[in-house]
$ cat model.cif   # mmCIF, C-alpha atoms and all ligand atoms
data_entry
loop_
_atom_site.group_PDB
_atom_site.id
_atom_site.type_symbol
_atom_site.label_atom_id
_atom_site.label_comp_id
_atom_site.auth_asym_id
_atom_site.auth_seq_id
_atom_site.Cartn_x
_atom_site.Cartn_y
_atom_site.Cartn_z
ATOM 1 C CA MET A 1 -73.085 -23.758 3.406
ATOM 2 C CA GLN A 2 -76.691 -24.046 4.498
ATOM 3 C CA ALA A 3 -78.823 -20.991 3.732
ATOM 4 C CA ALA A 4 -80.224 -19.111 6.699
ATOM 5 C CA LYS A 5 -84.012 -18.905 6.798
ATOM 6 C CA ARG A 6 -85.310 -15.813 5.031
ATOM 7 C CA PRO A 7 -87.209 -13.429 7.280
ATOM 8 C CA GLU A 8 -90.866 -13.009 6.451
ATOM 9 C CA HIS A 9 -91.106 -9.303 7.188
ATOM 10 C CA ALA A 10 -90.321 -6.574 4.701
ATOM 11 C CA VAL A 11 -87.091 -4.736 5.467
ATOM 12 C CA THR A 12 -88.658 -1.498 4.402
ATOM 13 C CA GLU A 13 -91.612 -1.566 6.764
ATOM 14 C CA GLN A 14 -91.958 1.999 8.041
ATOM 15 C CA ILE A 15 -92.731 2.883 11.635
ATOM 16 C CA ASP A 16 -96.093 4.541 12.304
ATOM 17 C CA SER A 17 -95.462 8.242 12.906
ATOM 18 C CA ALA A 18 -98.045 8.140 15.740
ATOM 19 C CA LEU A 19 -95.217 6.522 17.720
ATOM 20 C CA PHE A 20 -93.390 9.867 17.881
ATOM 21 C CA ARG A 21 -95.780 10.331 20.833
ATOM 22 C CA GLU A 22 -94.154 7.250 22.410
ATOM 23 C CA PRO A 23 -90.577 7.758 21.284
ATOM 24 C CA LEU A 24 -89.110 4.869 23.282
ATOM 25 C CA GLU A 25 -91.540 2.539 21.519
ATOM 26 C CA PHE A 26 -90.480 4.108 18.205
ATOM 27 C CA ILE A 27 -86.855 3.303 19.025
ATOM 28 C CA PHE A 28 -87.845 -0.231 20.075
ATOM 29 C CA ALA A 29 -89.665 -0.662 16.745
ATOM 30 C CA ASP A 30 -86.557 0.611 14.953
ATOM 31 C CA HIS A 31 -84.540 -2.059 16.778
ATOM 32 C CA TYR A 32 -86.950 -4.666 15.473
ATOM 33 C CA ARG A 33 -86.299 -3.449 11.912
ATOM 34 C CA GLN A 34 -82.575 -3.582 12.624
ATOM 35 C CA ARG A 35 -82.966 -7.220 13.616
ATOM 36 C CA VAL A 36 -84.859 -7.945 10.369
ATOM 37 C CA VAL A 37 -82.033 -6.285 8.415
ATOM 38 C CA CYS A 38 -79.479 -8.463 10.250
ATOM 39 C CA ASN A 39 -81.449 -11.659 9.512
ATOM 40 C CA THR A 40 -81.816 -10.698 5.856
ATOM 41 C CA LEU A 41 -78.125 -9.809 5.516
ATOM 42 C CA GLU A 42 -77.153 -13.118 7.082
ATOM 43 C CA ALA A 43 -79.402 -14.989 4.617
ATOM 44 C CA ILE A 44 -77.977 -13.096 1.619
ATOM 45 C CA VAL A 45 -74.350 -13.635 2.618
ATOM 46 C CA SER A 46 -74.907 -17.293 3.498
ATOM 47 C CA ASP A 47 -76.187 -18.040 0.005
ATOM 48 C CA PRO A 48 -75.319 -15.177 -2.356
ATOM 49 C CA SER A 49 -75.803 -17.275 -5.516
ATOM 50 C CA HIS A 50 -79.407 -17.927 -4.582
ATOM 51 C CA GLY A 51 -80.024 -14.842 -2.544
ATOM 52 C CA ARG A 52 -80.034 -12.097 -5.127
ATOM 53 C CA GLU A 53 -83.469 -10.821 -4.259
ATOM 54 C CA GLU A 54 -82.986 -7.335 -5.593
ATOM 55 C CA GLU A 55 -85.850 -5.886 -3.599
ATOM 56 C CA ASP A 56 -84.271 -6.977 -0.299
ATOM 57 C CA ILE A 57 -80.823 -5.767 -1.335
ATOM 58 C CA ARG A 58 -82.051 -2.341 -2.473
ATOM 59 C CA ALA A 59 -84.124 -1.996 0.694
ATOM 60 C CA ILE A 60 -81.111 -2.728 2.886
ATOM 61 C CA ILE A 61 -78.867 -0.282 1.005
ATOM 62 C CA ASP A 62 -81.578 2.359 1.442
ATOM 63 C CA TYR A 63 -81.913 1.467 5.133
ATOM 64 C CA LEU A 64 -78.142 1.750 5.670
ATOM 65 C CA GLU A 65 -77.973 5.098 3.860
ATOM 66 C CA HIS A 66 -81.022 6.763 5.399
ATOM 67 C CA ASP A 67 -82.761 4.985 8.257
ATOM 68 C CA LEU A 68 -79.804 3.736 10.277
ATOM 69 C CA PRO A 69 -78.070 7.162 10.425
ATOM 70 C CA LEU A 70 -81.384 8.692 11.595
ATOM 71 C CA HIS A 71 -81.682 6.051 14.298
ATOM 72 C CA VAL A 72 -78.100 6.602 15.463
ATOM 73 C CA ALA A 73 -78.768 10.364 15.562
ATOM 74 C CA ASP A 74 -81.937 9.724 17.630
ATOM 75 C CA GLU A 75 -79.742 7.994 20.168
ATOM 76 C CA GLU A 76 -76.544 10.055 20.051
ATOM 77 C CA GLU A 77 -78.087 13.500 19.749
ATOM 78 C CA SER A 78 -81.365 13.092 21.630
ATOM 79 C CA LEU A 79 -81.801 10.012 23.831
ATOM 80 C CA PHE A 80 -78.279 9.609 25.233
ATOM 81 C CA PRO A 81 -77.862 13.284 26.289
ATOM 82 C CA LEU A 82 -81.278 13.129 28.022
ATOM 83 C CA LEU A 83 -80.277 9.977 29.851
ATOM 84 C CA LEU A 84 -77.019 11.555 31.000
ATOM 85 C CA GLN A 85 -79.083 14.363 32.533
ATOM 86 C CA ARG A 86 -81.717 12.195 34.171
ATOM 87 C CA CYS A 87 -79.953 9.032 35.317
ATOM 88 C CA GLU A 88 -78.625 8.527 38.836
ATOM 89 C CA PRO A 89 -74.941 7.736 39.510
ATOM 90 C CA VAL A 90 -76.005 4.219 40.535
ATOM 91 C CA ASP A 91 -77.237 3.635 36.972
ATOM 92 C CA ASN A 92 -73.650 3.835 35.696
ATOM 93 C CA ILE A 93 -75.057 5.045 32.399
ATOM 94 C CA GLY A 94 -72.016 7.115 31.325
ATOM 95 C CA GLU A 95 -69.883 4.033 30.840
ATOM 96 C CA VAL A 96 -72.593 2.166 28.916
ATOM 97 C CA LEU A 97 -73.273 5.113 26.594
ATOM 98 C CA ALA A 98 -69.550 5.578 25.930
ATOM 99 C CA ILE A 99 -69.299 1.948 24.753
ATOM 100 C CA LEU A 100 -72.415 2.264 22.584
ATOM 101 C CA GLY A 101 -71.178 5.548 21.075
ATOM 102 C CA ASP A 102 -67.874 3.894 20.222
ATOM 103 C CA GLU A 103 -69.750 1.031 18.545
ATOM 104 C CA HIS A 104 -71.797 3.503 16.479
ATOM 105 C CA ASP A 105 -68.504 4.873 15.105
ATOM 106 C CA LYS A 106 -67.135 1.404 14.327
ATOM 107 C CA ASP A 107 -70.395 0.345 12.664
ATOM 108 C CA GLN A 108 -70.103 3.237 10.266
ATOM 109 C CA ALA A 109 -66.833 1.816 8.956
ATOM 110 C CA LEU A 110 -68.336 -1.662 8.538
ATOM 111 C CA THR A 111 -71.410 -0.221 6.805
ATOM 112 C CA ALA A 112 -69.264 0.888 3.868
ATOM 113 C CA ALA A 113 -68.075 -2.692 3.306
ATOM 114 C CA VAL A 114 -71.620 -4.040 3.630
ATOM 115 C CA LYS A 115 -72.868 -1.599 0.986
ATOM 116 C CA GLN A 116 -69.934 -2.426 -1.303
ATOM 117 C CA GLY A 117 -70.755 -6.160 -1.173
ATOM 118 C CA LEU A 118 -74.492 -5.589 -1.705
ATOM 119 C CA THR A 119 -73.892 -3.254 -4.632
ATOM 120 C CA ALA A 120 -71.622 -5.842 -6.272
ATOM 121 C CA LEU A 121 -74.382 -8.455 -5.886
ATOM 122 C CA LEU A 122 -76.947 -6.096 -7.376
ATOM 123 C CA GLU A 123 -74.738 -5.405 -10.358
ATOM 124 C CA HIS A 124 -73.863 -9.105 -10.713
ATOM 125 C CA ARG A 125 -70.217 -8.158 -10.418
ATOM 126 C CA ASP A 126 -67.580 -10.470 -8.999
ATOM 127 C CA GLU A 127 -65.647 -8.075 -6.816
ATOM 128 C CA ASP A 128 -62.168 -9.321 -5.988
ATOM 129 C CA ASP A 129 -62.803 -8.610 -2.354
ATOM 130 C CA LEU A 130 -66.388 -9.849 -2.165
ATOM 131 C CA GLU A 131 -65.338 -12.447 0.416
ATOM 132 C CA ALA A 132 -63.894 -9.666 2.586
ATOM 133 C CA CYS A 133 -67.124 -7.669 2.174
ATOM 134 C CA PHE A 134 -69.130 -10.691 3.297
ATOM 135 C CA ARG A 135 -66.838 -11.250 6.283
ATOM 136 C CA ASN A 136 -67.348 -7.606 7.243
ATOM 137 C CA THR A 137 -71.086 -8.045 6.727
ATOM 138 C CA LEU A 138 -71.156 -10.946 9.187
ATOM 139 C CA ALA A 139 -69.063 -8.860 11.630
ATOM 140 C CA PHE A 140 -71.601 -6.036 11.198
ATOM 141 C CA VAL A 141 -74.487 -8.428 11.914
ATOM 142 C CA GLU A 142 -72.755 -9.779 15.003
ATOM 143 C CA THR A 143 -71.956 -6.353 16.468
ATOM 144 C CA GLN A 144 -75.448 -5.042 15.658
ATOM 145 C CA ARG A 145 -77.025 -7.941 17.534
ATOM 146 C CA ARG A 146 -74.838 -7.385 20.593
ATOM 147 C CA HIS A 147 -75.500 -3.648 20.415
ATOM 148 C CA LEU A 148 -79.263 -4.254 20.212
ATOM 149 C CA ALA A 149 -79.135 -6.534 23.233
ATOM 150 C CA TRP A 150 -77.472 -3.774 25.279
ATOM 151 C CA GLU A 151 -79.856 -1.090 24.104
ATOM 152 C CA ASN A 152 -83.006 -3.169 24.580
ATOM 153 C CA GLY A 153 -81.750 -4.751 27.791
ATOM 154 C CA ILE A 154 -80.177 -1.764 29.558
ATOM 155 C CA VAL A 155 -80.762 1.585 27.834
ATOM 156 C CA LEU A 156 -84.490 1.425 27.044
ATOM 157 C CA PRO A 157 -85.527 0.019 30.455
ATOM 158 C CA LEU A 158 -83.517 2.804 32.151
ATOM 159 C CA ALA A 159 -85.069 5.410 29.869
ATOM 160 C CA ARG A 160 -88.559 4.116 30.736
ATOM 161 C CA LYS A 161 -87.659 4.458 34.409
ATOM 162 C CA ARG A 162 -85.888 7.820 34.412
ATOM 163 C CA LEU A 163 -87.434 9.989 31.680
ATOM 164 C CA GLY A 164 -90.473 12.060 32.552
ATOM 165 C CA SER A 165 -93.435 12.917 30.332
ATOM 166 C CA ALA A 166 -91.937 16.300 29.301
ATOM 167 C CA ASP A 167 -88.672 14.535 28.384
ATOM 168 C CA LEU A 168 -90.594 12.076 26.211
ATOM 169 C CA ILE A 169 -92.426 14.867 24.399
ATOM 170 C CA ASP A 170 -89.103 16.637 23.748
ATOM 171 C CA LEU A 171 -87.546 13.387 22.534
ATOM 172 C CA GLY A 172 -90.478 12.585 20.243
ATOM 173 C CA ARG A 173 -90.485 16.093 18.819
ATOM 174 C CA ALA A 174 -86.742 15.964 18.116
ATOM 175 C CA MET A 175 -87.128 12.605 16.356
ATOM 176 C CA ALA A 176 -90.071 13.834 14.264
ATOM 177 C CA THR A 177 -88.209 17.039 13.308
ATOM 178 C CA ARG A 178 -85.196 14.971 12.277
ATOM 179 C CA ARG A 179 -87.469 13.277 9.706
ATOM 180 C CA GLY A 180 -89.088 16.512 8.509
ATOM 181 C CA GLN A 181 -92.296 15.818 10.419
ATOM 182 C CA SER A 182 -94.092 17.383 13.344
ATOM 183 C CA LEU A 183 -95.273 15.754 16.529
ATOM 184 C CA PRO A 184 -98.758 14.232 15.862
ATOM 185 C CA ASP A 185 -101.714 15.443 17.954
HETATM 186 FE FE FE A 201 -80.400 1.593 18.739
HETATM 187 FE FE FE A 202 -77.364 2.333 18.904
#

$ encode --input "model.cif" --output "structure tokens"
Amino acid sequence: MQAAKRPEHAVTEQIDSALFREPLEFIFADHYRQRVVCNTLEAIVSDPSHGREEEDIRAIIDYLEHDLPLHVADEEESLFPLLLQRCEPVDNIGEVLAILGDEHDKDQALTAAVKQGLTALLEHRDEDDLEACFRNTLAFVETQRRHLAWENGIVLPLARKRLGSADLIDLGRAMATRRGQSLPD
């Protein structure tokens, strides 16, 4: 199998906390990191014998354990409820958010398999079900990419249209608080 091209950007690149002032841009930046994680996972799974870059693997495990749950909470607990309040019936946002919420739940199940496969690679173990972990990893990558397309293509443009400046300050503050920070001046 031909190895996928390795992404050039570090998986661990953190988002500038100044973006809590522009929370939709923060979320967009988080989506970019999610895409980097997907590209890196695809490269690792496509060529696991060559792809044991421990730094990448540890960074992705850390991302899956800490950063992704924070991002999902930003959406489920802060952005989506705000959108439900502010959107017009014509936006049909309820249906879209229900699908995305359901995908967040399913992703959580796949995440466990992804971490299991990565941990086995890190420990140079041949797990009996490594193939199954890799299949689940590719399924995770595929659903993440579809999910990102919906969020970048539908949810964020609607949020830019419907949320007011007070909403954005509230959203940014909630996201900063979730990370133990305060809204920057
Ligand atoms: Fe997202
Ligand atoms: Fe999401």

$ resolve_selection --input "model.cif" --expression "the PyMOL selection byres (((chain A and resi 147) around 12) and not hetatm)" --output "mmCIF file with C-alpha atoms, in the frame of the given file"
data_model
loop_
_atom_site.group_PDB
_atom_site.id
_atom_site.type_symbol
_atom_site.label_atom_id
_atom_site.label_comp_id
_atom_site.auth_asym_id
_atom_site.auth_seq_id
_atom_site.Cartn_x
_atom_site.Cartn_y
_atom_site.Cartn_z
ATOM 1 C CA HIS A 31 -84.540 -2.059 16.778
ATOM 2 C CA GLN A 34 -82.575 -3.582 12.624
ATOM 3 C CA ARG A 35 -82.966 -7.220 13.616
ATOM 4 C CA CYS A 38 -79.479 -8.463 10.250
ATOM 5 C CA VAL A 72 -78.100 6.602 15.463
ATOM 6 C CA VAL A 96 -72.593 2.166 28.916
ATOM 7 C CA LEU A 97 -73.273 5.113 26.594
ATOM 8 C CA ILE A 99 -69.299 1.948 24.753
ATOM 9 C CA LEU A 100 -72.415 2.264 22.584
ATOM 10 C CA GLY A 101 -71.178 5.548 21.075
ATOM 11 C CA ASP A 102 -67.874 3.894 20.222
ATOM 12 C CA GLU A 103 -69.750 1.031 18.545
ATOM 13 C CA HIS A 104 -71.797 3.503 16.479
ATOM 14 C CA LYS A 106 -67.135 1.404 14.327
ATOM 15 C CA ASP A 107 -70.395 0.345 12.664
ATOM 16 C CA PHE A 140 -71.601 -6.036 11.198
ATOM 17 C CA VAL A 141 -74.487 -8.428 11.914
ATOM 18 C CA GLU A 142 -72.755 -9.779 15.003
ATOM 19 C CA THR A 143 -71.956 -6.353 16.468
ATOM 20 C CA GLN A 144 -75.448 -5.042 15.658
ATOM 21 C CA ARG A 145 -77.025 -7.941 17.534
ATOM 22 C CA ARG A 146 -74.838 -7.385 20.593
ATOM 23 C CA LEU A 148 -79.263 -4.254 20.212
ATOM 24 C CA ALA A 149 -79.135 -6.534 23.233
ATOM 25 C CA TRP A 150 -77.472 -3.774 25.279
ATOM 26 C CA GLU A 151 -79.856 -1.090 24.104
ATOM 27 C CA ASN A 152 -83.006 -3.169 24.580
ATOM 28 C CA GLY A 153 -81.750 -4.751 27.791
ATOM 29 C CA ILE A 154 -80.177 -1.764 29.558
ATOM 30 C CA VAL A 155 -80.762 1.585 27.834
#

$ resolve_selection --input "model.cif" --expression "the PyMOL selection byres (((chain A and resi 168) around 10) and not hetatm)" --output "list of chain:residue names"
A:Phe20, A:Arg21, A:Glu22, A:Pro23, A:Leu24, A:Leu79, A:Leu82, A:Ala159, A:Arg160, A:Leu163, A:Gly164, A:Ser165, A:Ala166, A:Asp167, A:Ile169, A:Asp170, A:Leu171, A:Gly172, A:Arg173, A:Ala174

$ atom_distance --input "model.cif" --atom1 "CA of Gln14 (chain A)" --atom2 "CA of Ala59 (chain A)"
11.5 Å

$ atom_distance --input "model.cif" --atom1 "CA of Asp74 (chain A)" --atom2 "CA of Met175 (chain A)"
6.1 Å

$ atom_distance --input "model.cif" --atom1 "CA of Asn136 (chain A)" --atom2 "CA of Ala113 (chain A)"
6.3 Å

$ resolve_selection --input "model.cif" --expression "the PyMOL selection byres (((chain A and resi 61-66) around 12) and not hetatm)" --output "MDAnalysis selection string"
chainID A and resid 10:14 30 33:34 36:38 40:41 54:60 67:73 107:122 140 178:179

$ closest_residue --input "model.cif" --among "A:Ile15, A:Thr137, A:Leu156, A:Gly94" --to "ligand FE 201 (chain A)" --atoms "only C-alpha atoms and all ligand atoms"
A:Leu156

$ closest_residue --input "model.cif" --among "A:Leu130, A:Leu183, A:Leu84, A:Leu138" --to "Ala43 (chain A)" --atoms "only C-alpha atoms"
A:Leu138

$ closest_residue --input "model.cif" --among "A:Glu95, A:Glu25, A:Glu88, A:Glu53" --to "ligand FE 201 (chain A)" --atoms "only C-alpha atoms and all ligand atoms"
A:Glu25
